[in-house]
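Colleague: My structure is stored as target.cif, with mmCIF, C-alpha atoms and all ligand atoms.
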```
data_input
loop_
_atom_site.group_PDB
_atom_site.id
_atom_site.type_symbol
_atom_site.label_atom_id
_atom_site.label_comp_id
_atom_site.auth_asym_id
_atom_site.auth_seq_id
_atom_site.Cartn_x
_atom_site.Cartn_y
_atom_site.Cartn_z
ATOM 1 C CA MET S 926 -22.251 -34.177 42.386
ATOM 2 C CA SER S 927 -19.080 -32.465 43.676
ATOM 3 C CA THR S 928 -15.534 -33.240 42.565
ATOM 4 C CA GLN S 929 -14.538 -36.776 43.644
ATOM 5 C CA SER S 930 -11.036 -37.112 42.171
ATOM 6 C CA TYR S 931 -8.242 -34.640 41.579
ATOM 7 C CA TYR S 932 -5.222 -35.563 39.446
ATOM 8 C CA LEU S 933 -1.900 -33.741 39.443
ATOM 9 C CA PRO S 934 0.226 -35.360 36.683
ATOM 10 C CA LYS S 935 3.992 -34.785 36.899
ATOM 11 C CA SER S 936 4.619 -34.874 33.124
ATOM 12 C CA VAL S 937 2.834 -34.222 29.832
ATOM 13 C CA ASP S 938 2.916 -37.958 29.055
ATOM 14 C CA GLU S 939 1.123 -38.681 32.329
ATOM 15 C CA ALA S 940 -1.387 -35.892 31.617
ATOM 16 C CA ILE S 941 -2.295 -37.092 28.128
ATOM 17 C CA THR S 942 -2.511 -40.711 29.307
ATOM 18 C CA LEU S 943 -4.977 -39.607 31.991
ATOM 19 C CA MET S 944 -6.886 -37.686 29.295
ATOM 20 C CA ALA S 945 -7.078 -40.811 27.111
ATOM 21 C CA GLU S 946 -8.258 -42.963 30.025
ATOM 22 C CA GLY S 947 -10.616 -40.360 31.459
ATOM 23 C CA GLY S 948 -12.351 -39.388 28.222
ATOM 24 C CA PRO S 949 -14.277 -36.140 27.828
ATOM 25 C CA ASP S 950 -15.474 -36.229 31.461
ATOM 26 C CA LEU S 951 -12.005 -35.424 32.806
ATOM 27 C CA PHE S 952 -12.008 -31.672 33.397
ATOM 28 C CA VAL S 953 -8.691 -29.982 32.537
ATOM 29 C CA MET S 954 -7.495 -27.002 34.524
ATOM 30 C CA ALA S 955 -4.318 -24.875 34.467
ATOM 31 C CA GLY S 956 -4.260 -21.775 36.711
ATOM 32 C CA GLY S 957 -7.921 -22.295 37.572
ATOM 33 C CA THR S 958 -8.863 -18.588 37.370
ATOM 34 C CA LEU S 959 -11.604 -19.316 34.838
ATOM 35 C CA ALA S 960 -12.451 -22.831 35.975
ATOM 36 C CA MET S 961 -12.547 -22.489 39.782
ATOM 37 C CA PRO S 962 -15.179 -19.728 39.960
ATOM 38 C CA LEU S 963 -17.452 -21.923 37.805
ATOM 39 C CA ILE S 964 -16.870 -24.928 40.075
ATOM 40 C CA ASN S 965 -17.268 -22.890 43.286
ATOM 41 C CA GLU S 966 -20.543 -21.392 42.030
ATOM 42 C CA GLY S 967 -21.824 -24.856 41.102
ATOM 43 C CA ILE S 968 -22.134 -23.856 37.430
ATOM 44 C CA SER S 969 -19.648 -26.549 36.475
ATOM 45 C CA LYS S 970 -19.732 -29.801 38.475
ATOM 46 C CA PRO S 971 -16.885 -32.001 37.205
ATOM 47 C CA GLU S 972 -16.524 -35.304 39.049
ATOM 48 C CA ARG S 973 -12.877 -35.610 38.046
ATOM 49 C CA VAL S 974 -10.437 -32.731 37.655
ATOM 50 C CA MET S 975 -6.879 -32.769 36.297
ATOM 51 C CA SER S 976 -4.559 -29.839 36.916
ATOM 52 C CA LEU S 977 -1.699 -29.197 34.478
ATOM 53 C CA LYS S 978 0.223 -27.076 36.976
ATOM 54 C CA ARG S 979 2.886 -29.734 37.742
ATOM 55 C CA ALA S 980 3.066 -31.266 34.236
ATOM 56 C CA GLY S 981 6.375 -29.573 33.381
ATOM 57 C CA LEU S 982 4.864 -27.013 30.993
ATOM 58 C CA ASN S 983 6.183 -23.928 32.718
ATOM 59 C CA TYR S 984 9.193 -22.724 30.716
ATOM 60 C CA TYR S 985 10.495 -20.082 28.350
ATOM 61 C CA LYS S 986 13.228 -20.783 25.763
ATOM 62 C CA GLN S 987 14.687 -18.737 22.937
ATOM 63 C CA THR S 988 16.637 -19.680 19.798
ATOM 64 C CA SER S 989 17.500 -17.403 16.863
ATOM 65 C CA GLU S 990 14.247 -18.398 15.097
ATOM 66 C CA VAL S 991 11.610 -18.950 17.748
ATOM 67 C CA ILE S 992 10.592 -18.279 21.320
ATOM 68 C CA THR S 993 8.986 -21.309 22.934
ATOM 69 C CA ILE S 994 6.727 -20.798 25.936
ATOM 70 C CA GLY S 995 5.223 -23.661 27.951
ATOM 71 C CA ALA S 996 1.422 -23.500 28.142
ATOM 72 C CA THR S 997 1.239 -23.231 31.945
ATOM 73 C CA THR S 998 3.661 -20.299 32.145
ATOM 74 C CA THR S 999 1.872 -17.678 34.211
ATOM 75 C CA LEU S 1000 1.110 -14.129 33.161
ATOM 76 C CA THR S 1001 3.260 -12.863 36.047
ATOM 77 C CA GLN S 1002 6.182 -14.799 34.549
ATOM 78 C CA MET S 1003 5.488 -13.203 31.181
ATOM 79 C CA ILE S 1004 5.734 -9.770 32.790
ATOM 80 C CA ALA S 1005 9.212 -10.717 34.037
ATOM 81 C CA GLN S 1006 10.575 -11.393 30.514
ATOM 82 C CA ASP S 1007 11.955 -8.533 28.393
ATOM 83 C CA GLU S 1008 12.430 -10.203 24.989
ATOM 84 C CA ILE S 1009 8.900 -9.536 23.696
ATOM 85 C CA PRO S 1010 7.665 -6.164 25.002
ATOM 86 C CA MET S 1011 4.172 -6.683 23.556
ATOM 87 C CA LEU S 1012 3.711 -9.916 25.537
ATOM 88 C CA LYS S 1013 4.895 -8.155 28.676
ATOM 89 C CA GLU S 1014 2.313 -5.428 28.113
ATOM 90 C CA ALA S 1015 -0.433 -7.906 27.246
ATOM 91 C CA ALA S 1016 0.257 -9.945 30.389
ATOM 92 C CA LYS S 1017 0.035 -6.774 32.509
ATOM 93 C CA ALA S 1018 -3.340 -6.006 30.904
ATOM 94 C CA VAL S 1019 -5.001 -9.164 32.271
ATOM 95 C CA GLY S 1020 -6.837 -8.788 35.595
ATOM 96 C CA GLY S 1021 -4.900 -7.845 38.736
ATOM 97 C CA TRP S 1022 -1.809 -9.403 40.371
ATOM 98 C CA ALA S 1023 -3.746 -12.113 42.223
ATOM 99 C CA VAL S 1024 -5.215 -13.370 38.934
ATOM 100 C CA ARG S 1025 -1.956 -13.024 36.971
ATOM 101 C CA ASN S 1026 -0.014 -15.029 39.578
ATOM 102 C CA MET S 1027 -2.261 -18.035 38.843
ATOM 103 C CA ALA S 1028 -3.507 -17.444 35.269
ATOM 104 C CA THR S 1029 -1.629 -19.213 32.475
ATOM 105 C CA ILE S 1030 -0.988 -18.232 28.881
ATOM 106 C CA GLY S 1031 -2.624 -21.471 27.677
ATOM 107 C CA GLY S 1032 -5.730 -20.775 29.773
ATOM 108 C CA ASN S 1033 -6.102 -17.316 28.243
ATOM 109 C CA LEU S 1034 -6.795 -18.959 24.868
ATOM 110 C CA PHE S 1035 -9.972 -20.414 26.405
ATOM 111 C CA ALA S 1036 -11.243 -17.208 27.988
ATOM 112 C CA PRO S 1037 -14.600 -16.216 26.506
ATOM 113 C CA PRO S 1038 -14.912 -12.596 25.332
ATOM 114 C CA PRO S 1039 -14.136 -10.026 26.629
ATOM 115 C CA GLY S 1040 -11.269 -12.266 27.899
ATOM 116 C CA GLY S 1041 -8.385 -13.072 25.564
ATOM 117 C CA ASP S 1042 -6.207 -10.022 26.192
ATOM 118 C CA PHE S 1043 -3.031 -12.101 26.070
ATOM 119 C CA ALA S 1044 -4.255 -14.308 23.206
ATOM 120 C CA VAL S 1045 -4.782 -11.241 21.002
ATOM 121 C CA ALA S 1046 -1.088 -10.338 21.288
ATOM 122 C CA LEU S 1047 -0.065 -13.909 20.423
ATOM 123 C CA LEU S 1048 -2.344 -13.676 17.389
ATOM 124 C CA ALA S 1049 -0.627 -10.517 16.147
ATOM 125 C CA LEU S 1050 2.725 -12.273 16.622
ATOM 126 C CA ASP S 1051 1.594 -15.160 14.369
ATOM 127 C CA ALA S 1052 2.041 -17.663 17.203
ATOM 128 C CA GLU S 1053 1.727 -21.424 16.691
ATOM 129 C CA LEU S 1054 0.338 -23.933 19.169
ATOM 130 C CA VAL S 1055 1.814 -27.340 19.851
ATOM 131 C CA LEU S 1056 -0.994 -29.776 20.702
ATOM 132 C CA ARG S 1057 -0.436 -33.224 22.198
ATOM 133 C CA ASN S 1058 -2.513 -36.313 22.876
ATOM 134 C CA VAL S 1059 -1.612 -40.001 23.155
ATOM 135 C CA LYS S 1060 -1.635 -40.310 19.349
ATOM 136 C CA GLY S 1061 1.160 -37.751 18.961
ATOM 137 C CA GLU S 1062 1.892 -34.097 18.482
ATOM 138 C CA ARG S 1063 0.754 -31.515 15.918
ATOM 139 C CA SER S 1064 1.294 -27.795 15.405
ATOM 140 C CA ILE S 1065 -1.365 -25.344 14.266
ATOM 141 C CA PRO S 1066 -1.307 -21.601 13.716
ATOM 142 C CA LEU S 1067 -3.132 -19.900 16.600
ATOM 143 C CA ILE S 1068 -5.430 -18.287 14.037
ATOM 144 C CA ASP S 1069 -6.803 -21.771 13.239
ATOM 145 C CA PHE S 1070 -7.453 -22.557 16.902
ATOM 146 C CA PHE S 1071 -10.472 -20.284 17.343
ATOM 147 C CA THR S 1072 -13.512 -21.655 15.499
ATOM 148 C CA GLY S 1073 -16.443 -19.911 17.204
ATOM 149 C CA PHE S 1074 -17.765 -18.502 20.475
ATOM 150 C CA MET S 1075 -16.094 -20.702 23.133
ATOM 151 C CA LEU S 1076 -15.248 -23.200 20.386
ATOM 152 C CA ASN S 1077 -11.815 -24.333 19.228
ATOM 153 C CA SER S 1078 -10.095 -26.933 17.100
ATOM 154 C CA LEU S 1079 -8.737 -29.043 19.972
ATOM 155 C CA GLN S 1080 -9.235 -32.770 19.250
ATOM 156 C CA PRO S 1081 -10.396 -35.246 21.937
ATOM 157 C CA GLY S 1082 -7.697 -35.913 24.519
ATOM 158 C CA GLU S 1083 -5.517 -33.032 23.332
ATOM 159 C CA ILE S 1084 -3.854 -30.402 25.466
ATOM 160 C CA ILE S 1085 -1.876 -27.353 24.432
ATOM 161 C CA SER S 1086 1.687 -28.125 25.462
ATOM 162 C CA GLU S 1087 3.533 -25.052 24.225
ATOM 163 C CA ILE S 1088 3.297 -21.877 22.178
ATOM 164 C CA HIS S 1089 5.837 -20.806 19.552
ATOM 165 C CA VAL S 1090 6.422 -17.160 18.707
ATOM 166 C CA PRO S 1091 8.396 -16.876 15.429
ATOM 167 C CA LEU S 1092 11.288 -14.422 15.201
ATOM 168 C CA PRO S 1093 11.981 -11.784 14.045
ATOM 169 C CA ILE S 1094 9.127 -9.681 15.396
ATOM 170 C CA GLY S 1095 8.218 -6.394 13.670
ATOM 171 C CA ARG S 1096 7.434 -3.087 15.296
ATOM 172 C CA THR S 1097 4.663 -3.757 17.829
ATOM 173 C CA ALA S 1098 2.017 -1.818 19.732
ATOM 174 C CA TYR S 1099 -0.697 -2.955 22.133
ATOM 175 C CA GLN S 1100 -3.643 -1.041 23.537
ATOM 176 C CA LYS S 1101 -6.368 -2.293 25.859
ATOM 177 C CA PHE S 1102 -9.321 -0.009 26.425
ATOM 178 C CA GLY S 1103 -11.604 -0.604 29.416
ATOM 179 C CA ARG S 1104 -13.627 1.368 31.921
ATOM 180 C CA ARG S 1105 -10.609 1.739 34.203
ATOM 181 C CA HIS S 1106 -6.882 1.852 33.509
ATOM 182 C CA GLU S 1107 -6.072 -1.277 35.561
ATOM 183 C CA ASN S 1108 -7.779 -4.569 36.377
ATOM 184 C CA THR S 1109 -10.669 -4.039 34.003
ATOM 185 C CA PRO S 1110 -12.496 -6.153 31.439
ATOM 186 C CA SER S 1111 -11.860 -5.116 27.860
ATOM 187 C CA ILE S 1112 -14.139 -2.951 25.743
ATOM 188 C CA VAL S 1113 -11.713 -3.391 22.879
ATOM 189 C CA THR S 1114 -8.093 -4.558 22.805
ATOM 190 C CA VAL S 1115 -5.811 -4.147 19.782
ATOM 191 C CA ALA S 1116 -2.393 -5.695 19.068
ATOM 192 C CA ALA S 1117 -0.381 -4.653 15.995
ATOM 193 C CA ASN S 1118 2.845 -6.048 14.560
ATOM 194 C CA LEU S 1119 4.120 -4.229 11.444
ATOM 195 C CA PHE S 1120 7.208 -4.989 9.350
ATOM 196 C CA PHE S 1121 8.757 -2.054 7.494
ATOM 197 C CA ASP S 1122 11.138 -1.622 4.587
ATOM 198 C CA GLY S 1123 12.111 1.991 5.108
ATOM 199 C CA GLN S 1124 8.784 3.839 5.236
ATOM 200 C CA ARG S 1125 6.955 1.079 3.307
ATOM 201 C CA ILE S 1126 4.938 -1.511 5.259
ATOM 202 C CA LYS S 1127 6.055 -4.976 4.112
ATOM 203 C CA ASP S 1128 3.714 -6.994 6.314
ATOM 204 C CA ALA S 1129 0.970 -6.095 8.762
ATOM 205 C CA LYS S 1130 -0.669 -8.127 11.511
ATOM 206 C CA ILE S 1131 -3.492 -6.480 13.426
ATOM 207 C CA ALA S 1132 -5.512 -8.457 15.973
ATOM 208 C CA LEU S 1133 -8.607 -7.381 17.925
ATOM 209 C CA ASN S 1134 -10.180 -8.721 21.109
ATOM 210 C CA ALA S 1135 -13.518 -8.227 22.877
ATOM 211 C CA VAL S 1136 -15.266 -7.152 19.680
ATOM 212 C CA GLY S 1137 -16.126 -10.553 18.248
ATOM 213 C CA PRO S 1138 -16.810 -14.137 19.340
ATOM 214 C CA PHE S 1139 -13.043 -14.721 19.762
ATOM 215 C CA PRO S 1140 -9.792 -12.791 19.160
ATOM 216 C CA PHE S 1141 -9.398 -12.297 15.390
ATOM 217 C CA ARG S 1142 -7.108 -10.738 12.779
ATOM 218 C CA ALA S 1143 -8.408 -7.704 10.878
ATOM 219 C CA ARG S 1144 -7.415 -9.044 7.458
ATOM 220 C CA ARG S 1145 -8.773 -6.216 5.327
ATOM 221 C CA ALA S 1146 -7.021 -3.590 7.409
ATOM 222 C CA GLU S 1147 -3.801 -5.623 7.186
ATOM 223 C CA GLU S 1148 -4.044 -6.002 3.393
ATOM 224 C CA TYR S 1149 -4.769 -2.320 2.989
ATOM 225 C CA LEU S 1150 -1.659 -1.314 4.959
ATOM 226 C CA VAL S 1151 0.782 -3.532 3.030
ATOM 227 C CA GLU S 1152 2.716 -1.455 0.452
ATOM 228 C CA ASN S 1153 1.421 1.715 2.127
ATOM 229 C CA SER S 1154 3.290 3.918 4.552
ATOM 230 C CA LEU S 1155 1.955 4.810 7.979
ATOM 231 C CA THR S 1156 0.323 8.210 7.617
ATOM 232 C CA LYS S 1157 -2.592 9.914 9.342
ATOM 233 C CA GLN S 1158 -4.804 8.999 6.372
ATOM 234 C CA SER S 1159 -3.680 5.364 5.996
ATOM 235 C CA ILE S 1160 -4.129 4.829 9.746
ATOM 236 C CA GLU S 1161 -7.667 6.223 9.626
ATOM 237 C CA ASN S 1162 -8.553 4.059 6.637
ATOM 238 C CA ALA S 1163 -7.106 0.936 8.272
ATOM 239 C CA ALA S 1164 -8.970 1.710 11.515
ATOM 240 C CA ASP S 1165 -12.278 2.011 9.633
ATOM 241 C CA LEU S 1166 -11.656 -1.275 7.811
ATOM 242 C CA ALA S 1167 -10.848 -3.044 11.102
ATOM 243 C CA ALA S 1168 -14.098 -1.720 12.600
ATOM 244 C CA GLU S 1169 -16.053 -3.152 9.649
ATOM 245 C CA GLU S 1170 -14.539 -6.584 10.293
ATOM 246 C CA ALA S 1171 -15.539 -6.659 13.974
ATOM 247 C CA GLU S 1172 -18.708 -8.092 15.524
ATOM 248 C CA PRO S 1173 -19.122 -5.923 18.631
ATOM 249 C CA PHE S 1174 -21.543 -7.101 21.309
ATOM 250 C CA THR S 1175 -23.277 -5.764 24.396
ATOM 251 C CA ASP S 1176 -22.280 -6.992 27.857
ATOM 252 C CA ALA S 1177 -22.204 -5.563 31.401
ATOM 253 C CA ILE S 1178 -19.155 -3.495 30.484
ATOM 254 C CA ALA S 1179 -20.221 -1.731 27.284
ATOM 255 C CA SER S 1180 -22.947 -1.690 24.675
ATOM 256 C CA GLU S 1181 -22.522 -2.852 21.094
ATOM 257 C CA TRP S 1182 -23.069 0.794 20.075
ATOM 258 C CA TYR S 1183 -20.200 2.040 22.278
ATOM 259 C CA ARG S 1184 -17.860 -0.771 21.309
ATOM 260 C CA SER S 1185 -18.462 -0.164 17.597
ATOM 261 C CA ARG S 1186 -17.546 3.507 18.033
ATOM 262 C CA MET S 1187 -14.452 2.789 20.100
ATOM 263 C CA ILE S 1188 -12.928 0.192 17.723
ATOM 264 C CA PRO S 1189 -11.605 2.693 15.121
ATOM 265 C CA VAL S 1190 -10.453 5.014 17.902
ATOM 266 C CA ILE S 1191 -8.387 2.311 19.614
ATOM 267 C CA VAL S 1192 -7.018 0.843 16.353
ATOM 268 C CA LYS S 1193 -5.965 4.360 15.401
ATOM 269 C CA ARG S 1194 -4.277 4.981 18.765
ATOM 270 C CA THR S 1195 -2.457 1.660 18.500
ATOM 271 C CA LEU S 1196 -1.157 2.277 14.976
ATOM 272 C CA GLU S 1197 -0.147 5.850 15.820
ATOM 273 C CA LYS S 1198 2.303 4.416 18.353
ATOM 274 C CA LEU S 1199 4.156 2.842 15.415
ATOM 275 C CA ILE S 1200 4.850 6.078 13.536
ATOM 276 C CA ILE S 1201 8.506 6.939 13.902
HETATM 277 C C1 LIG S 1301 -11.101 -11.434 38.491
HETATM 278 C C2 LIG S 1301 -10.712 -11.897 37.105
HETATM 279 C C3 LIG S 1301 -10.269 -10.968 36.177
HETATM 280 C C4 LIG S 1301 -9.906 -11.373 34.889
HETATM 281 N N1 LIG S 1301 -9.495 -10.432 33.997
HETATM 282 C C5 LIG S 1301 -9.140 -10.796 32.754
HETATM 283 C C6 LIG S 1301 -8.700 -9.814 31.811
HETATM 284 O O1 LIG S 1301 -8.614 -8.618 32.097
HETATM 285 N N2 LIG S 1301 -8.367 -10.245 30.555
HETATM 286 C C7 LIG S 1301 -8.425 -11.571 30.189
HETATM 287 O O2 LIG S 1301 -8.068 -11.884 29.066
HETATM 288 N N3 LIG S 1301 -8.854 -12.515 31.059
HETATM 289 C C8 LIG S 1301 -9.214 -12.179 32.325
HETATM 290 N N4 LIG S 1301 -9.643 -13.123 33.222
HETATM 291 C C9 LIG S 1301 -9.824 -14.518 32.755
HETATM 292 C C10 LIG S 1301 -8.666 -15.484 33.122
HETATM 293 O O3 LIG S 1301 -8.129 -15.216 34.373
HETATM 294 C C11 LIG S 1301 -7.513 -15.482 32.138
HETATM 295 O O4 LIG S 1301 -8.023 -15.538 30.831
HETATM 296 C C12 LIG S 1301 -6.508 -16.615 32.360
HETATM 297 O O5 LIG S 1301 -5.430 -16.473 31.470
HETATM 298 C C13 LIG S 1301 -7.081 -18.026 32.252
HETATM 299 O O6 LIG S 1301 -6.023 -18.947 32.505
HETATM 300 P P1 LIG S 1301 -6.098 -20.112 33.591
HETATM 301 O O7 LIG S 1301 -4.832 -20.875 33.502
HETATM 302 O O8 LIG S 1301 -6.457 -19.606 34.926
HETATM 303 O O9 LIG S 1301 -7.328 -20.966 33.008
HETATM 304 P P2 LIG S 1301 -8.072 -22.186 33.727
HETATM 305 O O10 LIG S 1301 -9.213 -21.677 34.518
HETATM 306 O O11 LIG S 1301 -7.128 -23.097 34.430
HETATM 307 O O12 LIG S 1301 -8.553 -22.960 32.438
HETATM 308 C C14 LIG S 1301 -9.672 -22.581 31.690
HETATM 309 C C15 LIG S 1301 -9.968 -23.677 30.693
HETATM 310 O O13 LIG S 1301 -8.954 -23.694 29.714
HETATM 311 C C16 LIG S 1301 -8.613 -25.009 29.327
HETATM 312 N N5 LIG S 1301 -7.165 -25.132 29.379
HETATM 313 C C17 LIG S 1301 -6.305 -24.337 30.078
HETATM 314 N N6 LIG S 1301 -5.035 -24.647 29.782
HETATM 315 C C18 LIG S 1301 -5.099 -25.661 28.879
HETATM 316 C C19 LIG S 1301 -4.101 -26.404 28.172
HETATM 317 N N7 LIG S 1301 -2.781 -26.172 28.319
HETATM 318 N N8 LIG S 1301 -4.511 -27.370 27.305
HETATM 319 C C20 LIG S 1301 -5.834 -27.616 27.137
HETATM 320 N N9 LIG S 1301 -6.818 -26.942 27.774
HETATM 321 C C21 LIG S 1301 -6.448 -25.975 28.638
HETATM 322 C C22 LIG S 1301 -9.371 -25.947 30.203
HETATM 323 O O14 LIG S 1301 -10.434 -26.493 29.473
HETATM 324 C C23 LIG S 1301 -9.920 -25.087 31.299
HETATM 325 O O15 LIG S 1301 -11.152 -25.518 31.691
HETATM 326 C C24 LIG S 1301 -9.987 -12.755 34.518
HETATM 327 C C25 LIG S 1301 -10.423 -13.691 35.470
HETATM 328 C C26 LIG S 1301 -10.792 -13.276 36.746
HETATM 329 C C27 LIG S 1301 -11.238 -14.320 37.736
#
```
Kindly transcribe the structure held in the file into C-alpha cells.
Modeller:
Amino acid sequence: MSTQSYYLPKSVDEAITLMAEGGPDLFVMAGGTLAMPLINEGISKPERVMSLKRAGLNYYKQTSEVITIGATTTLTQMIAQDEIPMLKEAAKAVGGWAVRNMATIGGNLFAPPPGGDFAVALLALDAELVLRNVKGERSIPLIDFFTGFMLNSLQPGEIISEIHVPLPIGRTAYQKFGRRHENTPSIVTVAANLFFDGQRIKDAKIALNAVGPFPFRARRAEEYLVENSLTKQSIENAADLAAEEAEPFTDAIASEWYRSRMIPVIVKRTLEKLII
C-alpha cells in the first residue's frame, strides 16, 4: 500500500490534533532525509504521512538564560547562527549541503547510529526537549530521551516542539571522525563542554556518538575530570574511561575493533582543544 494521504498542518495545535485523531498509524516527518529514503525504497509503507515543516516550529530565540530552537529548524540554519559555536560545528558535520538544507535538528534525535552527530552536541550542552500532545506539554532532559537502539521516551501522540539549550555554556570542543573529512558517516563523534574555575574543572559534560546504541554521556570520564585540571595525564585517563563506557559496533564504515581503538584517540583530541 502506498501513501494515500499527506497532511501539512499549519500549527503545532493542528499537528497534535491530527496525531490524536490519526493514532500510531500517522507517520510523522520533518525534513524527510531519514524517512523519505525508507518510503522510496518501500521499506516503510505509511498510508498516511504528516509533515511538520509548516507547523511553525522553525525558529531560534535567545534570552539571558536559555536558547530556544524550534524542532524543525534545519541544520543549514544552525550553521548560520554564531551564538553556539559547537552547534554550528555539529551542524556542519552532518551529511552534505543537500541533506543539511532539509534535515532538522529534531529529526537528528531519531537518527539511528552512526547518525546523531548534532544530537551528541545537544547532549553535551545539557539540552532539554519540550514535548507536546493534545494532553499538554512536558519538558525532559535530552539524556532521558534515548532509551535504547532506535527507542525513545516519546509518549503516544507526542511531538518534539522545541529544544532548550541552557546558558551559560562552558568551554566547548567537538570532533567527528569518519573515513573522509566531509560528508561522511561517523566512526566516533565526541562533544565536550567543560566549566572551569581557574585551572580547576568545575563541571564536565562529555558526549559520544556512533559508539553505542544512541548518543550517550561518558559519566565516569566526566566525574573523573571534575576537581582535576586539564593535563596530558588527566586527558589520557578521561579518554580511557570514556572508551570503557562505550559499546562500539561493526557496520559498513568501521569494525568494532577499529572503533574501540579510535574512541580514546578522538576523546583525547577533543579535550586537548580545551587546554588554554
Ligand atoms: C545522504 C545522507 C547523509 C547523512 N549523514 C548524516 C551524518 O553525517 N550525521 C547524522 O547525524 N545524520 C546523517 N544523516 C541522517 C539524517 O539526515 C539526519 O539525522 C537528519 O537530521 C534527520 O532529520 P530529518 O528532519 O530529515 O528527519 P525525518 O526523516 O523527517 O524524520 C525522521 C523521523 O524522526 C521523527 N521526527 C522528526 N522530527 C520529529 C519531531 N519534531 N517530533 C517527533 N518526531 C519527529 C519521525 O518519526 C520521523 O519518522 C544522513 C542522511 C542522508 C540521507
Colleague: Using 8 Å as the limit and counting all atoms listed in the file, can you tabulate each residue of chain S that touches ligand LIG 1301 (chain S), with its shortest atom-to-atom distance in Å and the two atoms involved, as a tab-separated table?
Modeller:
```
residue	atom	partner	partner_atom	distance
S:Phe952	CA	S:LIG1301	O15	6.4
S:Val953	CA	S:LIG1301	C22	4.7
S:Met954	CA	S:LIG1301	O11	3.9
S:Ala955	CA	S:LIG1301	O11	3.3
S:Gly956	CA	S:LIG1301	O7	3.4
S:Gly957	CA	S:LIG1301	O11	3.3
S:Thr958	CA	S:LIG1301	O8	3.6
S:Leu959	CA	S:LIG1301	O10	3.4
S:Ala960	CA	S:LIG1301	O10	3.7
S:Met961	CA	S:LIG1301	O10	6.3
S:Pro962	CA	S:LIG1301	C27	7.1
S:Ser976	CA	S:LIG1301	O11	7.6
S:Leu977	CA	S:LIG1301	N7	6.9
S:Ala996	CA	S:LIG1301	N7	5.0
S:Thr997	CA	S:LIG1301	N7	6.2
S:Thr999	CA	S:LIG1301	O7	7.5
S:Leu1000	CA	S:LIG1301	O5	7.2
S:Ala1018	CA	S:LIG1301	O1	6.0
S:Val1019	CA	S:LIG1301	O1	3.7
S:Gly1020	CA	S:LIG1301	N1	3.5
S:Gly1021	CA	S:LIG1301	C3	6.7
S:Val1024	CA	S:LIG1301	O3	5.7
S:Arg1025	CA	S:LIG1301	O3	7.0
S:Met1027	CA	S:LIG1301	O8	6.0
S:Ala1028	CA	S:LIG1301	O8	3.7
S:Thr1029	CA	S:LIG1301	O7	3.8
S:Ile1030	CA	S:LIG1301	O5	5.4
S:Gly1031	CA	S:LIG1301	N6	4.5
S:Gly1032	CA	S:LIG1301	O6	3.3
S:Asn1033	CA	S:LIG1301	O5	3.4
S:Leu1034	CA	S:LIG1301	O4	7.0
S:Phe1035	CA	S:LIG1301	O13	4.8
S:Ala1036	CA	S:LIG1301	O4	4.6
S:Pro1037	CA	S:LIG1301	O4	7.9
S:Pro1038	CA	S:LIG1301	O2	7.8
S:Pro1039	CA	S:LIG1301	O2	6.8
S:Gly1040	CA	S:LIG1301	O2	3.4
S:Gly1041	CA	S:LIG1301	O2	3.7
S:Asp1042	CA	S:LIG1301	O2	3.9
S:Phe1043	CA	S:LIG1301	O2	5.9
S:Ala1044	CA	S:LIG1301	O2	7.4
S:Leu1056	CA	S:LIG1301	N8	7.9
S:Leu1079	CA	S:LIG1301	C20	7.9
S:Glu1083	CA	S:LIG1301	C20	6.6
S:Ile1084	CA	S:LIG1301	N8	3.6
S:Ile1085	CA	S:LIG1301	N8	3.9
S:Ser1086	CA	S:LIG1301	N7	5.7
S:Glu1087	CA	S:LIG1301	N7	7.6
S:Asn1108	CA	S:LIG1301	O1	6.0
S:Thr1109	CA	S:LIG1301	O1	5.4
S:Pro1110	CA	S:LIG1301	O1	4.6
S:Ser1111	CA	S:LIG1301	O1	6.4
```
Colleague: Excluding Ile1126 of chain S and any residue of its chain fewer than 2 positions from it, enumerate the residues within 12 Å of it, using all atoms listed in the file, and give them as a PyMOL selection string.
Modeller: chain S and resi 1095-1096+1118-1124+1128-1130+1147-1156+1159-1160+1199-1200
Colleague: Per residue of segment 1115-1142 of chain S within 10 Å of segment 1179-1195 of chain S, record the nearest atom pair and its distance in Å to one decimal, counting only C-alpha atoms, with rows in chain order and ascending residue number, as JSON lines.
Modeller:
```
{"residue": "S:Val1115", "atom": "CA", "partner": "S:Val1192", "partner_atom": "CA", "distance": 6.2}
{"residue": "S:Ala1116", "atom": "CA", "partner": "S:Thr1195", "partner_atom": "CA", "distance": 7.4}
{"residue": "S:Ala1117", "atom": "CA", "partner": "S:Thr1195", "partner_atom": "CA", "distance": 7.1}
{"residue": "S:Ile1131", "atom": "CA", "partner": "S:Val1192", "partner_atom": "CA", "distance": 8.6}
{"residue": "S:Ala1132", "atom": "CA", "partner": "S:Val1192", "partner_atom": "CA", "distance": 9.4}
{"residue": "S:Leu1133", "atom": "CA", "partner": "S:Val1192", "partner_atom": "CA", "distance": 8.5}
{"residue": "S:Asn1134", "atom": "CA", "partner": "S:Ile1188", "partner_atom": "CA", "distance": 9.9}
{"residue": "S:Ala1135", "atom": "CA", "partner": "S:Arg1184", "partner_atom": "CA", "distance": 8.8}
{"residue": "S:Val1136", "atom": "CA", "partner": "S:Arg1184", "partner_atom": "CA", "distance": 7.1}
```
Colleague: Which residue is closest to Asn1162 of chain S? Choose from S:Ala1177, S:Leu1196, S:Ile1004, S:Leu1050 and count only C-alpha atoms.
Modeller: S:Leu1196
Colleague: Running the PyMOL selection byres (((chain S and resi 1138) around 7) and not hetatm) on this model by hand, what would come out? Give it as a PyMOL selection string.
Modeller: chain S and resi 1038+1073-1074+1137+1139
Colleague: By how many Å are atom CA of Gly1061 of chain S and atom CA of Ala940 of chain S apart?
Modeller: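 Separating atom CA of Gly1061 of chain S from atom CA of Ala940 of chain S is a distance of 13.0 Å.
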Colleague: Give the answer as one residue: which of S:Ile1065, S:Ile1094, S:Met975, S:Leu1048 has the shortest atom-to-atom distance to Val991 of chain S, using all atoms listed in the file?
Modeller: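 For Val991 of chain S, the nearest of the given residues is S:Ile1094.
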Colleague: Which one of S:His1089, S:Glu1197, S:Gly981, S:Gly1082 sits closest to Ser1064 of chain S if you count only C-alpha atoms?
Modeller: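 That would be S:His1089, the residue with the smallest distance to Ser1064 of chain S.
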Colleague: For this file, the PyMOL selection byres (((chain S and resi 1088) around 7) and not hetatm) selects which residues, as a VMD selection string?
Modeller: chain S and resid 993 to 996 1052 to 1055 1087 1089 to 1090
